[in-house]
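For reference, structure_21.txt is printed below; it contains compact mmCIF, C-alpha atoms.
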```txt
# COMPACT_ATOMS: atom_id res chain seq x y z
CA MET A 1 41.78 0.71 111.41
CA LYS A 2 38.90 -1.21 109.85
CA LEU A 3 39.26 -2.90 106.47
CA LEU A 4 36.79 -4.59 104.21
CA THR A 5 38.76 -7.27 102.38
CA PHE A 6 37.11 -8.02 99.05
CA SER A 7 38.00 -10.81 96.65
CA THR A 8 36.51 -13.72 94.73
CA LEU A 9 39.90 -15.37 95.40
CA PHE A 10 39.38 -16.52 98.98
CA PRO A 11 39.11 -19.97 100.53
CA ASN A 12 35.76 -21.36 101.58
CA GLN A 13 34.36 -24.53 103.10
CA GLN A 14 34.06 -26.19 99.68
CA ARG A 15 37.38 -24.98 98.26
CA PRO A 16 39.75 -24.57 101.23
CA ASN A 17 42.84 -23.91 99.07
CA HIS A 18 41.21 -21.40 96.69
CA GLY A 19 43.14 -18.11 96.92
CA ILE A 20 44.77 -19.20 100.16
CA PHE A 21 47.54 -16.64 99.55
CA VAL A 22 44.98 -13.82 100.04
CA GLU A 23 43.83 -15.32 103.33
CA THR A 24 47.38 -15.91 104.54
CA ARG A 25 48.46 -12.32 103.92
CA LEU A 26 45.35 -11.06 105.70
CA ARG A 27 45.90 -13.35 108.69
CA TYR A 28 49.37 -11.92 109.24
CA LEU A 29 48.05 -8.39 108.82
CA VAL A 30 45.27 -8.89 111.38
CA ALA A 31 47.73 -10.59 113.76
CA SER A 32 49.59 -7.26 113.96
CA ARG A 33 46.61 -6.00 116.03
CA GLN A 34 46.79 -2.70 114.16
CA VAL A 35 44.09 -3.71 111.71
CA GLN A 36 40.79 -5.55 111.77
CA SER A 37 38.92 -6.83 108.75
CA ARG A 38 35.66 -8.28 107.58
CA VAL A 39 35.92 -10.41 104.45
CA VAL A 40 33.49 -10.33 101.54
CA ALA A 41 34.35 -13.25 99.25
CA PRO A 42 31.61 -13.57 96.60
CA VAL A 43 30.92 -16.82 94.77
CA PRO A 44 28.97 -17.29 91.51
CA TRP A 45 25.28 -17.97 91.93
CA PHE A 46 24.18 -21.46 90.90
CA PRO A 47 20.85 -23.17 91.73
CA PHE A 48 21.81 -26.87 91.88
CA THR A 49 23.99 -28.86 94.26
CA HIS A 50 24.01 -32.19 92.39
CA PRO A 51 27.59 -33.47 91.91
CA ARG A 52 27.08 -33.89 88.16
CA PHE A 53 27.32 -30.11 87.87
CA GLY A 54 30.91 -30.26 89.12
CA LEU A 55 32.50 -26.99 90.19
CA TYR A 56 29.24 -25.05 89.85
CA ALA A 57 27.53 -27.43 92.27
CA SER A 58 30.26 -26.68 94.81
CA TYR A 59 29.48 -22.95 94.49
CA ALA A 60 25.89 -23.67 95.52
CA GLN A 61 27.12 -25.49 98.62
CA VAL A 62 29.31 -22.66 99.91
CA PRO A 63 27.76 -21.27 103.13
CA ARG A 64 26.49 -17.71 103.13
CA SER A 65 28.88 -16.92 105.97
CA GLU A 66 31.59 -18.68 107.92
CA GLN A 67 34.49 -18.03 110.27
CA ARG A 68 38.01 -18.83 109.17
CA PHE A 69 40.89 -18.37 111.62
CA GLY A 70 38.88 -15.79 113.55
CA LEU A 71 37.91 -13.85 110.41
CA ASP A 72 34.25 -13.21 109.64
CA VAL A 73 33.76 -14.19 106.00
CA SER A 74 30.58 -13.65 103.99
CA HIS A 75 29.94 -15.28 100.61
CA PRO A 76 27.26 -13.28 98.78
CA ARG A 77 26.24 -14.55 95.33
CA TYR A 78 26.77 -12.75 92.07
CA PRO A 79 25.57 -13.63 88.57
CA VAL A 80 27.89 -15.06 85.93
CA ILE A 81 26.23 -14.84 82.53
CA PRO A 82 27.51 -17.29 79.86
CA LYS A 83 28.70 -15.78 76.56
CA MET A 84 28.76 -12.25 77.96
CA GLY A 85 32.17 -13.24 79.27
CA MET A 86 34.44 -10.99 81.22
CA SER A 87 33.21 -7.65 79.86
CA ALA A 88 30.13 -7.46 82.11
CA ALA A 89 31.74 -9.13 85.13
CA PRO A 90 32.76 -6.02 87.13
CA VAL A 91 29.34 -4.35 86.81
CA LEU A 92 27.47 -7.56 87.69
CA LEU A 93 29.78 -8.14 90.65
CA ALA A 94 29.50 -4.58 92.00
CA ASN A 95 25.73 -4.30 91.61
CA SER A 96 25.07 -7.61 93.32
CA LEU A 97 27.15 -6.63 96.37
CA LYS A 98 25.77 -3.18 97.19
CA SER A 99 23.20 -4.60 99.59
CA SER A 100 25.79 -6.83 101.31
CA LEU A 101 28.19 -3.96 101.95
CA GLY A 102 25.34 -1.70 103.01
CA ARG A 103 24.23 -4.31 105.54
CA ILE A 104 27.75 -4.57 106.97
CA ILE A 105 27.82 -0.80 107.51
CA ASP A 106 24.31 -0.81 109.02
CA GLU A 107 25.43 -3.51 111.45
CA GLY A 108 28.01 -1.08 112.82
CA TYR A 109 31.15 -2.06 110.91
CA ASP A 110 31.82 1.22 109.10
CA PHE A 111 35.12 0.32 107.43
CA ASP A 112 37.87 2.81 106.56
CA LEU A 113 38.82 1.37 103.20
CA ILE A 114 38.29 -1.52 100.79
CA ASP A 115 41.24 -3.91 100.47
CA ALA A 116 40.63 -5.56 97.07
CA HIS A 117 42.60 -8.48 95.61
CA TYR A 118 42.96 -9.27 91.91
CA PHE A 119 42.54 -6.35 89.53
CA TYR A 120 39.86 -7.73 87.24
CA PRO A 121 36.99 -8.06 87.81
CA ASP A 122 37.44 -7.72 91.59
CA GLY A 123 39.47 -4.51 91.66
CA VAL A 124 37.28 -2.77 89.11
CA ALA A 125 34.13 -3.80 91.00
CA ALA A 126 35.72 -2.64 94.27
CA VAL A 127 36.33 0.83 92.82
CA MET A 128 32.70 1.00 91.70
CA LEU A 129 31.62 0.06 95.23
CA GLY A 130 34.09 2.49 96.74
CA ARG A 131 32.60 5.33 94.74
CA TYR A 132 29.08 4.28 95.75
CA PHE A 133 29.90 4.12 99.48
CA ASN A 134 32.49 6.93 99.42
CA LYS A 135 35.32 4.65 100.58
CA PRO A 136 38.94 4.61 99.34
CA VAL A 137 40.11 1.43 97.61
CA VAL A 138 43.49 -0.31 97.52
CA ILE A 139 43.88 -2.98 94.82
CA THR A 140 46.48 -5.76 94.89
CA ALA A 141 47.58 -7.09 91.49
CA ARG A 142 48.55 -10.75 91.68
CA GLY A 143 49.52 -12.07 88.25
CA THR A 144 47.13 -13.12 85.51
CA ASP A 145 45.01 -10.04 86.18
CA ILE A 146 47.89 -7.96 84.78
CA ASN A 147 49.95 -10.29 82.60
CA LEU A 148 46.99 -11.82 80.70
CA VAL A 149 43.63 -10.05 81.13
CA PRO A 150 44.74 -6.68 79.65
CA GLN A 151 45.19 -8.26 76.23
CA TYR A 152 41.40 -7.81 75.92
CA ARG A 153 40.46 -4.26 74.93
CA LEU A 154 37.54 -3.49 77.28
CA PRO A 155 39.03 -5.12 80.38
CA ARG A 156 42.29 -3.24 79.69
CA ARG A 157 40.39 0.04 79.59
CA MET A 158 38.54 -0.78 82.82
CA ILE A 159 41.78 -1.78 84.57
CA ARG A 160 43.29 1.59 83.65
CA TRP A 161 40.17 3.36 84.91
CA ALA A 162 40.24 1.48 88.21
CA ALA A 163 43.96 2.26 88.60
CA GLU A 164 43.25 5.98 88.17
CA GLN A 165 40.44 5.87 90.73
CA ALA A 166 42.14 3.67 93.33
CA ALA A 167 43.68 5.33 96.38
CA GLY A 168 46.62 2.95 96.16
CA MET A 169 47.87 -0.17 94.41
CA ILE A 170 50.03 -3.10 95.50
CA THR A 171 51.85 -5.65 93.35
CA VAL A 172 53.30 -8.93 94.62
CA CYS A 173 56.49 -8.45 92.62
CA ASN A 174 58.42 -5.75 90.78
CA ALA A 175 57.78 -7.40 87.41
CA LEU A 176 54.03 -6.77 87.77
CA LYS A 177 54.66 -3.13 88.64
CA ASP A 178 56.75 -2.79 85.47
CA GLU A 179 53.94 -4.33 83.42
CA MET A 180 51.38 -1.96 84.93
CA VAL A 181 53.59 1.01 84.08
CA ALA A 182 53.77 -0.33 80.52
CA LEU A 183 49.96 -0.24 80.47
CA GLY A 184 50.13 3.49 81.20
CA ILE A 185 49.51 3.33 84.96
CA ASP A 186 51.37 5.77 87.22
CA GLY A 187 54.21 3.82 88.82
CA SER A 188 54.57 6.28 91.71
CA ARG A 189 51.20 5.07 93.03
CA ILE A 190 52.19 1.37 92.96
CA THR A 191 53.79 -0.31 95.99
CA PRO A 192 55.47 -3.70 95.44
CA LEU A 193 54.96 -5.89 98.52
CA ARG A 194 56.01 -9.46 97.87
CA ASN A 195 54.30 -12.42 99.48
CA GLY A 196 55.95 -14.13 102.41
CA VAL A 197 55.92 -17.69 103.64
CA ASN A 198 54.63 -19.22 106.86
CA LEU A 199 57.94 -20.29 108.36
CA ASP A 200 56.24 -21.96 111.32
CA LEU A 201 54.10 -24.22 109.15
CA PHE A 202 56.62 -24.91 106.39
CA GLN A 203 59.84 -26.15 107.95
CA PRO A 204 62.17 -29.11 107.50
CA GLY A 205 61.20 -32.44 108.99
CA ASP A 206 62.95 -35.78 109.33
CA ARG A 207 63.69 -36.24 105.63
CA ALA A 208 64.51 -39.95 105.78
CA ALA A 209 61.39 -40.71 107.83
CA LEU A 210 59.17 -38.66 105.51
CA ARG A 211 60.54 -40.41 102.42
CA ALA A 212 59.87 -43.81 103.98
CA GLU A 213 56.33 -42.85 105.05
CA LEU A 214 55.48 -41.36 101.64
CA GLY A 215 57.07 -44.12 99.56
CA MET A 216 59.65 -41.92 97.86
CA GLU A 217 62.44 -43.64 95.95
CA GLY A 218 65.43 -42.15 94.18
CA PHE A 219 65.71 -38.49 93.24
CA THR A 220 62.14 -37.19 93.66
CA LEU A 221 60.53 -34.12 92.14
CA MET A 222 57.32 -32.38 93.19
CA SER A 223 55.11 -30.43 90.78
CA VAL A 224 52.37 -28.52 92.59
CA GLY A 225 49.45 -26.56 91.22
CA HIS A 226 46.12 -26.64 89.40
CA LEU A 227 46.12 -29.26 86.64
CA GLU A 228 45.72 -26.92 83.67
CA PRO A 229 48.02 -25.79 80.85
CA ARG A 230 49.40 -22.65 82.49
CA LYS A 231 51.12 -24.63 85.26
CA GLY A 232 53.16 -26.67 82.78
CA HIS A 233 52.84 -30.10 84.44
CA GLU A 234 52.97 -31.65 80.97
CA LEU A 235 56.47 -30.20 80.41
CA VAL A 236 57.72 -31.91 83.57
CA ILE A 237 56.21 -35.24 82.50
CA GLN A 238 57.71 -34.82 79.01
CA ALA A 239 61.12 -34.29 80.63
CA MET A 240 60.97 -37.61 82.47
CA PRO A 241 62.36 -39.82 79.65
CA ALA A 242 65.53 -37.68 79.79
CA LEU A 243 65.70 -38.19 83.58
CA PRO A 244 65.55 -42.01 83.81
CA ASP A 245 66.36 -42.28 87.53
CA VAL A 246 63.96 -39.53 88.63
CA HIS A 247 60.49 -39.90 90.18
CA LEU A 248 57.74 -37.27 90.01
CA ASN A 249 54.83 -36.53 92.36
CA ILE A 250 52.12 -34.16 91.10
CA ALA A 251 49.87 -32.46 93.67
CA GLY A 252 46.71 -30.69 92.53
CA SER A 253 43.38 -31.14 90.85
CA GLY A 254 41.95 -29.77 87.63
CA PRO A 255 40.58 -30.48 84.18
CA ASP A 256 43.82 -31.86 82.70
CA ARG A 257 44.34 -34.80 85.03
CA LYS A 258 43.18 -37.46 82.56
CA LYS A 259 45.26 -35.91 79.79
CA LEU A 260 48.35 -35.82 82.00
CA GLU A 261 47.86 -39.44 83.07
CA GLU A 262 47.56 -40.46 79.42
CA LEU A 263 50.70 -38.50 78.58
CA ALA A 264 52.67 -40.35 81.27
CA GLN A 265 51.44 -43.67 79.87
CA ALA A 266 52.27 -42.70 76.27
CA LEU A 267 55.82 -41.81 77.31
CA LYS A 268 56.07 -45.04 79.34
CA VAL A 269 56.94 -43.15 82.54
CA GLN A 270 53.70 -43.87 84.40
CA ASP A 271 55.53 -46.07 86.90
CA ARG A 272 57.61 -43.04 87.95
CA VAL A 273 54.79 -40.44 87.98
CA ARG A 274 52.33 -40.31 90.87
CA PHE A 275 49.19 -38.13 91.00
CA LEU A 276 48.41 -37.13 94.58
CA GLY A 277 45.28 -35.04 94.06
CA PRO A 278 44.76 -31.80 95.99
CA LEU A 279 46.60 -31.62 99.31
CA PRO A 280 46.02 -29.28 102.27
CA GLN A 281 49.04 -27.25 103.30
CA THR A 282 49.51 -29.33 106.44
CA GLU A 283 49.98 -32.42 104.25
CA LEU A 284 51.80 -30.65 101.41
CA LYS A 285 54.63 -29.63 103.74
CA ARG A 286 55.42 -33.33 104.33
CA TRP A 287 55.76 -33.96 100.59
CA TYR A 288 57.98 -30.90 100.19
CA GLY A 289 60.06 -32.12 103.11
CA GLY A 290 60.65 -35.53 101.59
CA ALA A 291 61.24 -34.47 97.99
CA ASP A 292 64.59 -33.51 96.48
CA ALA A 293 63.27 -30.61 94.41
CA LEU A 294 60.10 -28.75 93.46
CA VAL A 295 59.62 -28.06 89.75
CA LEU A 296 57.42 -25.16 88.66
CA ALA A 297 57.12 -24.90 84.86
CA SER A 298 54.42 -22.21 84.72
CA SER A 299 53.99 -19.90 81.75
CA ARG A 300 52.82 -17.05 84.00
CA GLU A 301 53.29 -16.35 87.70
CA GLY A 302 53.07 -13.18 89.72
CA TRP A 303 54.68 -14.51 92.89
CA ALA A 304 54.51 -18.29 93.19
CA ASN A 305 54.02 -19.15 96.86
CA VAL A 306 54.83 -22.83 96.30
CA LEU A 307 58.46 -21.90 95.62
CA LEU A 308 58.97 -20.38 99.07
CA GLU A 309 56.93 -23.12 100.74
CA SER A 310 59.27 -25.73 99.30
CA MET A 311 62.41 -23.76 100.20
CA ALA A 312 61.14 -23.24 103.75
CA CYS A 313 61.04 -27.05 104.04
CA GLY A 314 64.68 -27.12 102.94
CA THR A 315 63.90 -28.29 99.40
CA PRO A 316 65.38 -26.31 96.47
CA VAL A 317 63.43 -25.54 93.30
CA VAL A 318 63.62 -25.60 89.53
CA ALA A 319 61.44 -22.93 87.94
CA SER A 320 60.61 -21.29 84.64
CA ASN A 321 62.14 -17.82 84.23
CA VAL A 322 58.87 -15.85 84.07
CA TRP A 323 57.51 -12.67 85.65
CA GLY A 324 58.20 -12.51 89.39
CA THR A 325 59.88 -15.91 89.66
CA PRO A 326 63.47 -14.58 89.20
CA GLU A 327 62.77 -12.36 92.23
CA VAL A 328 62.02 -15.50 94.27
CA VAL A 329 64.76 -17.78 92.89
CA ALA A 330 67.65 -15.34 93.17
CA SER A 331 70.45 -17.46 94.64
CA PRO A 332 71.99 -20.93 94.12
CA GLU A 333 70.70 -21.87 97.58
CA ALA A 334 67.16 -21.32 96.29
CA GLY A 335 67.52 -23.45 93.16
CA VAL A 336 67.82 -23.10 89.38
CA LEU A 337 65.91 -21.13 86.75
CA MET A 338 65.25 -22.89 83.43
CA ARG A 339 67.02 -21.48 80.39
CA GLU A 340 64.00 -22.39 78.28
CA ARG A 341 60.45 -23.40 79.14
CA THR A 342 60.48 -26.75 77.33
CA PRO A 343 60.84 -30.40 78.36
CA HIS A 344 64.54 -30.08 77.50
CA GLY A 345 64.75 -26.94 79.65
CA VAL A 346 63.20 -28.79 82.59
CA ALA A 347 65.58 -31.75 82.24
CA GLU A 348 68.60 -29.48 81.82
CA ALA A 349 67.73 -27.44 84.91
CA VAL A 350 67.09 -30.53 87.06
CA THR A 351 70.47 -31.93 85.96
CA ALA A 352 72.15 -28.62 86.79
CA LEU A 353 70.58 -28.57 90.24
CA ARG A 354 71.75 -32.12 90.95
CA ALA A 355 75.28 -31.23 89.88
CA ALA A 356 75.47 -28.32 92.36
CA TYR A 357 72.91 -29.34 94.95
CA PRO A 358 72.69 -26.91 97.90
CA SER A 359 72.46 -28.07 101.48
CA HIS A 360 68.94 -28.27 102.87
CA GLU A 361 70.02 -25.96 105.69
CA ALA A 362 71.18 -23.29 103.21
CA THR A 363 67.89 -23.49 101.33
CA ARG A 364 65.94 -23.05 104.57
CA ARG A 365 68.09 -20.05 105.55
CA TYR A 366 67.35 -18.47 102.18
CA ALA A 367 63.60 -18.89 102.72
CA GLU A 368 63.88 -17.30 106.16
CA ARG A 369 64.58 -13.98 104.42
CA PHE A 370 60.95 -14.00 103.24
CA SER A 371 58.92 -13.73 106.42
CA TRP A 372 55.65 -11.80 106.31
CA ASP A 373 56.90 -9.02 108.61
CA ASP A 374 58.01 -6.52 105.95
CA THR A 375 54.87 -7.10 103.87
CA THR A 376 52.63 -6.60 106.89
CA GLN A 377 54.36 -3.36 107.88
CA GLY A 378 54.23 -2.13 104.28
CA GLN A 379 50.48 -2.69 104.16
CA ILE A 380 49.91 -0.97 107.49
CA ALA A 381 51.90 2.09 106.42
CA LEU A 382 50.03 2.34 103.11
CA PHE A 383 46.58 1.81 104.62
CA GLN A 384 47.21 4.29 107.45
CA ARG A 385 48.39 6.95 105.01
CA ILE A 386 45.30 6.50 102.83
CA ALA A 387 42.92 6.44 105.81
CA ALA A 388 44.52 9.63 107.17
CA GLN A 389 44.06 11.35 103.81
CA GLY A 390 40.38 10.41 103.90
CA ARG A 391 39.97 11.94 107.37
CA ALA A 392 41.83 15.16 106.48
```

Whole structure, structure tokens version:
Amino acid sequence: MKLLTFSTLFPNQQRPNHGIFVETRLRYLVASRQVQSRVVAPVPWFPFTHPRFGLYASYAQVPRSEQRFGLDVSHPRYPVIPKMGMSAAPVLLANSLKSSLGRIIDEGYDFDLIDAHYFYPDGVAAVMLGRYFNKPVVITARGTDINLVPQYRLPRRMIRWAAEQAAGMITVCNALKDEMVALGIDGSRITPLRNGVNLDLFQPGDRAALRAELGMEGFTLMSVGHLEPRKGHELVIQAMPALPDVHLNIAGSGPDRKKLEELAQALKVQDRVRFLGPLPQTELKRWYGGADALVLASSREGWANVLLESMACGTPVVASNVWGTPEVVASPEAGVLMRERTPHGVAEAVTALRAAYPSHEATRRYAERFSWDDTTQGQIALFQRIAAQGRA
């Protein structure tokens, strides 16, 4: 079966961690040898590569095509028009990609269906392309595309339209399926398939050696994610005065770094807060393996992969009780859910975890329940059923 995987959330040479969860799921799917895929991962068009243009300059430096883990990935450009915002995004995205998809078909890769990730604008654009090329489309909802974007009237309408037109839909947790049903989407056509974790990459190491190598002292927390308000890093920093013997390492990059550094200084905890910058997964696993807990204080999450990554390294978690997170942190061996998403809630949950700290072996065993096998088989069954309907 031939897929065309379509998403603006996909890693590239310039941003190797961008949407890595989409790539990871696809790698396990292709490894089944029952599916092959070509990847179309568009990036915004931008004319200049000078570093002063920041993120937009990095878009201009993304290669037109590359190979990642044996996957052929193309990066066609699409226009992003300031002030027109999200309303025009699906149409601009779809129209700019017709020639790219047509070329792929002309080259002999006549795919069976479009595997689209993120409902808006990607999923909506994928449905437009599916109608143009007469191909069925499966859309995976991942979080913000369902729990935030639909608050805007036109995007909400377009999401409903795409849901009606799609041959199938996947959510990464049951909570997102419930939210889609609340939007008026037919729940019988939605298949929850949670993300898994790479148990070979993320596994416990020599904890004492890792702590010595990484300079960890005392009870050490990790906070991992883009440095922007939704991830709640500021709540973890604000909890630090109430946790006087605790150290915090923050991994990630983003626009709020300076603000977070200033917050740590204002609270006089800067000597216990370390900013690590963005880390590749091969390095991140070492920090998980040395830390005592991961803290995730997000306001919105579909299925937070960092939680399972940490657990797979034997490190329990403290997490905000939002969306799909209770489906991930569902046992004392996994960690503790915050009673409230506040600095006090963070401190209270960290204290509760320390008082009933699980063994690292038990946390690892819990994570082992979340391999990619079930998700891969669920995708194959869904895609085969849809492809068979198209051939009937």

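For the residues A:Arg354, A:Arg194, A:Lys135, A:Arg64, ranking by smallest atom-to-atom distance to A:Arg25 using only C-alpha atoms places A:Arg194 first.
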
Set the distance at 9 Å and use all atoms listed in the file: which residues neighbour A:Pro63 once local chain neighbours fewer than 4 positions away are removed? I'd like the list as number ranges by chain. A: 12-14, 59, 74-75

Protein and nucleic acid residues near (37.3, -1.9, 85.4) (cut-off 12 Å, all atoms listed in the file) as a ChimeraX atom specification: /A:86-94,118-129,139,145,149-150,152-166

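Of the listed residues A:Ser96, A:Gln238, A:Thr144, A:Ser7, the one whose atoms come nearest to A:Gln270 is A:Gln238, with distances taken using all atoms listed in the file.
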
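With atom CA of A:Pro42 on one side and atom CA of A:Leu193 on the other, the separation reads 24.7 Å.
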
Across A:Leu353, A:Leu9, A:Leu113, A:Val80, the smallest distance to A:Ala293, with only C-alpha atoms counted, is shown by A:Leu353

With only C-alpha atoms as the counted atoms, please give the residues lying no more than 10 Å from stretch 101-105 of chain A, apart from itself and same-chain residues fewer than 5 positions off, as a compact mmCIF listing (two decimals) with C-alpha atoms, in the frame of the given file.
```txt
# COMPACT_ATOMS: atom_id res chain seq x y z
CA LEU A 4 36.79 -4.59 104.21
CA ARG A 38 35.66 -8.28 107.58
CA VAL A 40 33.49 -10.33 101.54
CA SER A 74 30.58 -13.65 103.99
CA PRO A 76 27.26 -13.28 98.78
CA SER A 96 25.07 -7.61 93.32
CA ASP A 110 31.82 1.22 109.10
CA PHE A 111 35.12 0.32 107.43
CA LEU A 129 31.62 0.06 95.23
CA PHE A 133 29.90 4.12 99.48
```

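For the pair atom CA of A:Arg142 and atom CA of A:Val236, the separation is 24.4 Å.
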